[in-house]
Protein chains: 4
Amino acid sequence: MAFKIKGLCSAPYTPFRNDSERSVDLEAIQYHAAELKAQGVLYAFVCGTTGESLSLTVPERKAILEHWLKAGKDHGVTVISHVGCESINDTLELAKHAEAVGAAAVAVMPPTFSKPSSLDVIITLLETVSKAAPKTPLYWYHIPSRTGTTISPYSVLKKLHEIITESKGERLGNFRGLKFSDSNLHTYANCAHFADGHYNICLGMDEHLLGALAMCGVERTAAIGSTYNYQGKLYNKMIEAFAKGDKEEAMRLQRKTHASVDLLLTPDAFSCGVPGVNVGKALMELRMGGKNVGPPRYPGSAMPEEGKAKLKAAADAVGCFDDE
Amino acid sequence: MAFKIKGLCSAPYTPFRNDSERSVDLEAIQYHAAELKAQGVLYAFVCGTTGESLSLTVPERKAILEHWLKAGKDHGVTVISHVGCESINDTLELAKHAEAVGAAAVAVMPPTFSKPSSLDVIITLLETVSKAAPKTPLYWYHIPSRTGTTISPYSVLKKLHEIITESKGERLGNFRGLKFSDSNLHTYANCAHFADGHYNICLGMDEHLLGALAMCGVERTAAIGSTYNYQGKLYNKMIEAFAKGDKEEAMRLQRKTHASVDLLLTPDAFSCGVPGVNVGKALMELRMGGKNVGPPRYPGSAMPEEGKAKLKAAADAVGCFDDE
Amino acid sequence: MAFKIKGLCSAPYTPFRNDSERSVDLEAIQYHAAELKAQGVLYAFVCGTTGESLSLTVPERKAILEHWLKAGKDHGVTVISHVGCESINDTLELAKHAEAVGAAAVAVMPPTFSKPSSLDVIITLLETVSKAAPKTPLYWYHIPSRTGTTISPYSVLKKLHEIITESKGERLGNFRGLKFSDSNLHTYANCAHFADGHYNICLGMDEHLLGALAMCGVERTAAIGSTYNYQGKLYNKMIEAFAKGDKEEAMRLQRKTHASVDLLLTPDAFSCGVPGVNVGKALMELRMGGKNVGPPRYPGSAMPEEGKAKLKAAADAVGCFDDE
Amino acid sequence: MAFKIKGLCSAPYTPFRNDSERSVDLEAIQYHAAELKAQGVLYAFVCGTTGESLSLTVPERKAILEHWLKAGKDHGVTVISHVGCESINDTLELAKHAEAVGAAAVAVMPPTFSKPSSLDVIITLLETVSKAAPKTPLYWYHIPSRTGTTISPYSVLKKLHEIITESKGERLGNFRGLKFSDSNLHTYANCAHFADGHYNICLGMDEHLLGALAMCGVERTAAIGSTYNYQGKLYNKMIEAFAKGDKEEAMRLQRKTHASVDLLLTPDAFSCGVPGVNVGKALMELRMGGKNVGPPRYPGSAMPEEGKAKLKAAADAVGCFDDE
């Protein structure tokens, strides 16, 4: 039976120490994995955009994966490794390492400095990675807002399917699906229903999940995102409500997550400079009762205590951690 | 009771003759209105992007509105007029005209050549139009993929609400809502639920409608789009299925519309050069049994007979006009 | 002998009254033309971007052209009319009018809302305008920062030349050149030297003129811009210095204009909200001793007196009007 | 006396072997350095965009620098090292290494995946690198077309100057200038003339060099680029011609380089898929009589023999290697 991410998959934060190098706090990974288990989130996609992927060095990415694999084993969390780098040689090194240490799957995004100029370049990139880690399920990571690569993931999927089918799996047979970080749910649905739902298409925009469920159903919808780190229970309840046909409750829960996502987008980022991951890390720290997640490495700064206090008040006001 | 677009609103095509000037075929508007009625689509948003808004002259837009108001009366279709132009003086002239001839509402989009540089500029634009047609409900038309104006429609809505509330409706009291042509359903939901659903937020991306329904419910969701011209029945059935909790059927119907939207996006546009409206016009002609909708004015060319034959075959293959 | 813009051509401001409609002050055009003559600027490109082109209505553009033709006659200024509009029907109406009233040439830019999707669409647009005003020299107006149309003007030029040559001037025989509002001087030089310098390639970025002169020489370089309105003498001296080989003096003068261009780009625009034309209009008013140029129509606001005082001080500090 | 790049600086290609890993051919660096010397190009900016910077691993970049330092010593070429990476930790490692092995200067560009969100973030990045290699002259590498960071290099320069001045060189005292890879010669001139020409502003667009010379003079103009690898003699002659006031000859030579740059931009890239560096490497191989420069690593493919033959013919037709 082919590998498949089912339901929610976390995109974990990378915990840094607040020192001059923002060194990685590998021990803190245990707490993160335990929290996921507690939230009912049974997959982790490590060193993705939320994990500050490209701000990490290659040795750090290896060490983080190894610690996640151990923590995942301890807590029953399946670990997928993002191996995309700017240098394809680094990507291949990470892919080989991931296979060697037993990652459940790998995902690759394209370089952003030397963007792929055509669909063919993407296919070549994927096939090269496929050969470097031939026994490991492979995902294509589509995140145009960050990489600038807008080539349709549906065209990538169709082309891969054609190659796999024609070669009877000799070529790219370990390809499994997409991380789809875009708001176009029409394209998402085209991918999720393609080949009778054969591929595993994971939505990367948490705040649109209910829309994806409505268009693709529970079986064909999966999700990889950062807010499942601290709102996994809420999202799991939303999926349940949807599954049993309670539209009002599903809507209420998605709306509740919207209020939390709005916190991430607060322009001044609660005095830490850059919205997004920085604020998310502070929310996760609140969620875990102060256990370290750390400041962002770059380009943000640590959230000052005053900012944290404001964020806590705002998070409480929208019931961010109510779990219901 | 305040004006409100309920359910589906068509964005009609502008019928042109295939002459050297692509002159407007005003008589053909009657057929278009009759078809909407037959599809159960009871609102028309005329001279919007689908209607080739800015490719029309100011006198043409007035004539089209007048013919639509007459046709709308004959067929029970409520007519909203898009009055956005590059020159604000043209916009004001159209807004005054729309009020004088009895449009049910007006909508305005920002100039694309001289884009608004701030939220304040948008508010000023809207207030100027509000004063020019003070008795007519007013909508803000957000379509960033075309205008390049990305200022959040939610921030526009919140600012307008603040002004209306503080002035007790003295200022901008006729503002009613948004045409929201973007795929960000999180922002859509923020707008649709804002002020307890007071404003009329009309989704402009037909292929995402089921997602909007899931996040906002039937009461708070409205839709303005081009595909309701020829698939209004299908979408109305989808809304019904959603309303009565038939998830599978709603999903099936939205997926059916996706296959039709994919026709619009076919790269070679069935040999007429530019995807989108050009293909939509040919679909509408098929729907209406050959009644004129005409070629696009600019920059497309008329679809050749060979292209039409291919389009018909492709439309039949996906059951574009099956209505079920 | 073919028409040719030689040396500097002004892009005049459109004078508005400070009333609620920002009505056009047609009488003020006389002062503007007189000032150009005084500056030694013998061409005017009216209703271009500096003239707030698309913020004007079609009747206003006709009236402005007519007044400029009269003022040009009085003061020895040759008048070129920009006729580009969003609606090609408006463009054709303006082109016919321009020919009827005797404009020396017309120029056309592409629509920004419905951008040309290919080189062919641009050629079709130009050929349609060419036929509407067959006796009037025609220019293609390339300004990608505003229109979003990035199709290379060099490829447009080569294609037009091929058509003209093959048809022996039957097709597009009145095409004369480009308004080239881009900073790529390599492409500018490719165009200016193409066909042994046959076409009239007018640089639209005043602050790069000395670079164009260095790469193309005085004979093959022409320029259309807004700062020639108030610094024409300075630029004419720069061209003279370059022509006689005085590198140091040419550099000094171009650098002096740079300091003035920097005023236009001041972020707060001297309290009138939007940098660029708004500040330029205030500079022109200073240049003309207070004669009306007026506020911008949209989206800027009139510069407050305080802003004007600051601008005057800043302009004096860099010797904006020293003429040497 | 402060470090300064004078005249032309090469951005060398990274020689790869045509094996499956595109391994770096470190020995080939000797030939490249010898060729630069022969061309009269006495500086090399290694592992920049032309050197396929981010396609290299950190260990490769160290090895390449070390080999260049040795080759530079042998041939009298001064070596500057680009140390910009996506991970600031990698950047710091490369900066420390560069200082340890004796690079003449280092340059840093911003990450492209996690773009700097403000001027302050850039300053922090530069200051961190400044501290990591405090004895080595430091350059800011501005290349917005690739990094997407458009924050004005002039504002960066002014802010740095303010910090250096206020701290009397305690902070950022080793900052020396810019690699300015943009076509805006107005901004270039603002930077080159700033603080009486104190900083070393190196133009990164070879095809605009004559424009920069005209606006800034020989003393204040420097250049870092890829085409100096094979046309250094030609450009040196152009600079000489400009210096002695021979405008016609300078123009002729810049125009000759334009014809060669046009080869780089040929859409099909002579059958190797991606224009730019790929074609440049093939030109360099021709220039060096077949000595290895190698195919690009990513995303291009090796130029087929047929493509090389066509490129040779095209290069000969424009006299690419005539040196006069």
# chains A, B, ... in the order shown; residues from 1 in each chain; ligands from 1
call {"tool": "interface_residues", "arguments": {"of": "chain A", "to": "chain D", "cutoff": "8 Å", "atoms": "only C-alpha atoms", "output": "list in words"}}
result
Glu21, Leu54, Ser55, Leu56, Thr57, Glu86, Ser87, Ile88, Asn89, Asp90, Thr112, Phe113, Ser114, Lys115, Pro116, Ser117, Val121, Arg146, Thr147, Val274, Tyr298 and Pro299 of chain A
call {"tool": "write_last_selection", "arguments": {"atoms": "N, CA, C and O atoms", "output": "PDB file, in the first residue's frame"}}
result
ATOM      1  N   GLU A  21      24.270  33.198  17.404  1.00  0.00           N
ATOM      2  CA  GLU A  21      24.199  32.385  16.182  1.00  0.00           C
ATOM      3  C   GLU A  21      22.822  31.809  15.929  1.00  0.00           C
ATOM      4  O   GLU A  21      22.619  31.106  14.948  1.00  0.00           O
ATOM      5  N   LEU A  54      15.545  27.348   4.341  1.00  0.00           N
ATOM      6  CA  LEU A  54      16.764  27.831   3.691  1.00  0.00           C
ATOM      7  C   LEU A  54      17.619  28.689   4.617  1.00  0.00           C
ATOM      8  O   LEU A  54      18.739  29.047   4.265  1.00  0.00           O
ATOM      9  N   SER A  55      17.105  29.023   5.787  1.00  0.00           N
ATOM     10  CA  SER A  55      17.932  29.729   6.765  1.00  0.00           C
ATOM     11  C   SER A  55      18.822  28.766   7.537  1.00  0.00           C
ATOM     12  O   SER A  55      19.681  29.186   8.312  1.00  0.00           O
ATOM     13  N   LEU A  56      18.611  27.468   7.310  1.00  0.00           N
ATOM     14  CA  LEU A  56      19.400  26.434   7.985  1.00  0.00           C
ATOM     15  C   LEU A  56      20.553  25.985   7.100  1.00  0.00           C
ATOM     16  O   LEU A  56      20.454  26.022   5.869  1.00  0.00           O
ATOM     17  N   THR A  57      21.624  25.510   7.731  1.00  0.00           N
ATOM     18  CA  THR A  57      22.719  24.933   6.960  1.00  0.00           C
ATOM     19  C   THR A  57      22.411  23.456   6.689  1.00  0.00           C
ATOM     20  O   THR A  57      21.526  22.861   7.319  1.00  0.00           O
ATOM     21  N   GLU A  86      18.911  25.490  -2.582  1.00  0.00           N
ATOM     22  CA  GLU A  86      19.264  26.252  -3.779  1.00  0.00           C
ATOM     23  C   GLU A  86      20.193  25.436  -4.678  1.00  0.00           C
ATOM     24  O   GLU A  86      20.042  25.415  -5.888  1.00  0.00           O
ATOM     25  N   SER A  87      21.141  24.756  -4.092  1.00  0.00           N
ATOM     26  CA  SER A  87      22.063  23.918  -4.866  1.00  0.00           C
ATOM     27  C   SER A  87      21.491  22.519  -4.979  1.00  0.00           C
ATOM     28  O   SER A  87      21.199  21.870  -3.971  1.00  0.00           O
ATOM     29  N   ILE A  88      21.365  22.045  -6.184  1.00  0.00           N
ATOM     30  CA  ILE A  88      20.826  20.696  -6.365  1.00  0.00           C
ATOM     31  C   ILE A  88      21.757  19.669  -5.723  1.00  0.00           C
ATOM     32  O   ILE A  88      21.306  18.622  -5.252  1.00  0.00           O
ATOM     33  N   ASN A  89      23.033  19.979  -5.628  1.00  0.00           N
ATOM     34  CA  ASN A  89      23.964  19.038  -4.984  1.00  0.00           C
ATOM     35  C   ASN A  89      23.659  18.914  -3.497  1.00  0.00           C
ATOM     36  O   ASN A  89      23.720  17.823  -2.930  1.00  0.00           O
ATOM     37  N   ASP A  90      23.291  20.026  -2.877  1.00  0.00           N
ATOM     38  CA  ASP A  90      22.852  19.957  -1.481  1.00  0.00           C
ATOM     39  C   ASP A  90      21.546  19.170  -1.367  1.00  0.00           C
ATOM     40  O   ASP A  90      21.370  18.365  -0.446  1.00  0.00           O
ATOM     41  N   THR A 112      14.995  29.262  -5.682  1.00  0.00           N
ATOM     42  CA  THR A 112      14.345  30.558  -5.933  1.00  0.00           C
ATOM     43  C   THR A 112      15.272  31.537  -6.652  1.00  0.00           C
ATOM     44  O   THR A 112      14.807  32.457  -7.304  1.00  0.00           O
ATOM     45  N   PHE A 113      16.562  31.342  -6.521  1.00  0.00           N
ATOM     46  CA  PHE A 113      17.494  32.260  -7.198  1.00  0.00           C
ATOM     47  C   PHE A 113      17.603  31.879  -8.677  1.00  0.00           C
ATOM     48  O   PHE A 113      17.541  32.741  -9.548  1.00  0.00           O
ATOM     49  N   SER A 114      17.749  30.597  -8.952  1.00  0.00           N
ATOM     50  CA  SER A 114      17.771  30.112 -10.341  1.00  0.00           C
ATOM     51  C   SER A 114      16.495  29.321 -10.582  1.00  0.00           C
ATOM     52  O   SER A 114      16.481  28.096 -10.528  1.00  0.00           O
ATOM     53  N   LYS A 115      15.431  30.054 -10.847  1.00  0.00           N
ATOM     54  CA  LYS A 115      14.121  29.429 -10.966  1.00  0.00           C
ATOM     55  C   LYS A 115      14.055  28.488 -12.176  1.00  0.00           C
ATOM     56  O   LYS A 115      14.649  28.773 -13.202  1.00  0.00           O
ATOM     57  N   PRO A 116      13.304  27.399 -12.063  1.00  0.00           N
ATOM     58  CA  PRO A 116      13.117  26.530 -13.225  1.00  0.00           C
ATOM     59  C   PRO A 116      12.438  27.314 -14.347  1.00  0.00           C
ATOM     60  O   PRO A 116      11.480  28.040 -14.100  1.00  0.00           O
ATOM     61  N   SER A 117      12.983  27.176 -15.545  1.00  0.00           N
ATOM     62  CA  SER A 117      12.471  27.962 -16.656  1.00  0.00           C
ATOM     63  C   SER A 117      11.369  27.250 -17.416  1.00  0.00           C
ATOM     64  O   SER A 117      10.767  27.830 -18.308  1.00  0.00           O
ATOM     65  N   VAL A 121      12.330  21.339 -16.748  1.00  0.00           N
ATOM     66  CA  VAL A 121      13.367  21.504 -15.727  1.00  0.00           C
ATOM     67  C   VAL A 121      12.870  20.955 -14.387  1.00  0.00           C
ATOM     68  O   VAL A 121      13.628  20.315 -13.642  1.00  0.00           O
ATOM     69  N   ARG A 146       6.496  32.150  -2.444  1.00  0.00           N
ATOM     70  CA  ARG A 146       7.850  32.235  -1.916  1.00  0.00           C
ATOM     71  C   ARG A 146       8.914  31.935  -2.967  1.00  0.00           C
ATOM     72  O   ARG A 146       9.963  32.569  -3.003  1.00  0.00           O
ATOM     73  N   THR A 147       8.674  30.922  -3.797  1.00  0.00           N
ATOM     74  CA  THR A 147       9.703  30.535  -4.775  1.00  0.00           C
ATOM     75  C   THR A 147       9.615  31.338  -6.064  1.00  0.00           C
ATOM     76  O   THR A 147      10.579  31.399  -6.823  1.00  0.00           O
ATOM     77  N   VAL A 274       8.517  41.149  11.654  1.00  0.00           N
ATOM     78  CA  VAL A 274       8.061  40.489  10.439  1.00  0.00           C
ATOM     79  C   VAL A 274       6.908  39.538  10.771  1.00  0.00           C
ATOM     80  O   VAL A 274       7.072  38.643  11.602  1.00  0.00           O
ATOM     81  N   TYR A 298      16.209  34.495  10.767  1.00  0.00           N
ATOM     82  CA  TYR A 298      16.376  35.604   9.846  1.00  0.00           C
ATOM     83  C   TYR A 298      15.099  35.746   9.053  1.00  0.00           C
ATOM     84  O   TYR A 298      14.543  34.737   8.640  1.00  0.00           O
ATOM     85  N   PRO A 299      14.670  36.966   8.807  1.00  0.00           N
ATOM     86  CA  PRO A 299      15.237  38.268   9.141  1.00  0.00           C
ATOM     87  C   PRO A 299      14.566  38.882  10.358  1.00  0.00           C
ATOM     88  O   PRO A 299      14.680  40.085  10.550  1.00  0.00           O
TER      89      PRO A 299
END
call {"tool": "select_by_dssp", "arguments": {"residues": "region 140-302 of chain B", "states": "strand (DSSP E)", "output": "PyMOL selection string"}}
result
chain B and resi 140-142+175-180+200-203+222-225
call {"tool": "residues_around", "arguments": {"residues": "region 256-271 of chain D", "least_positions_apart": "5", "cutoff": "10 Å", "atoms": "only C-alpha atoms", "output": "PyMOL selection string"}}
result
(chain C and resi 186-187+189-190) or (chain D and resi 206-208+227-228+231+234-235+238+250-251+276-283+300-311+314-324)
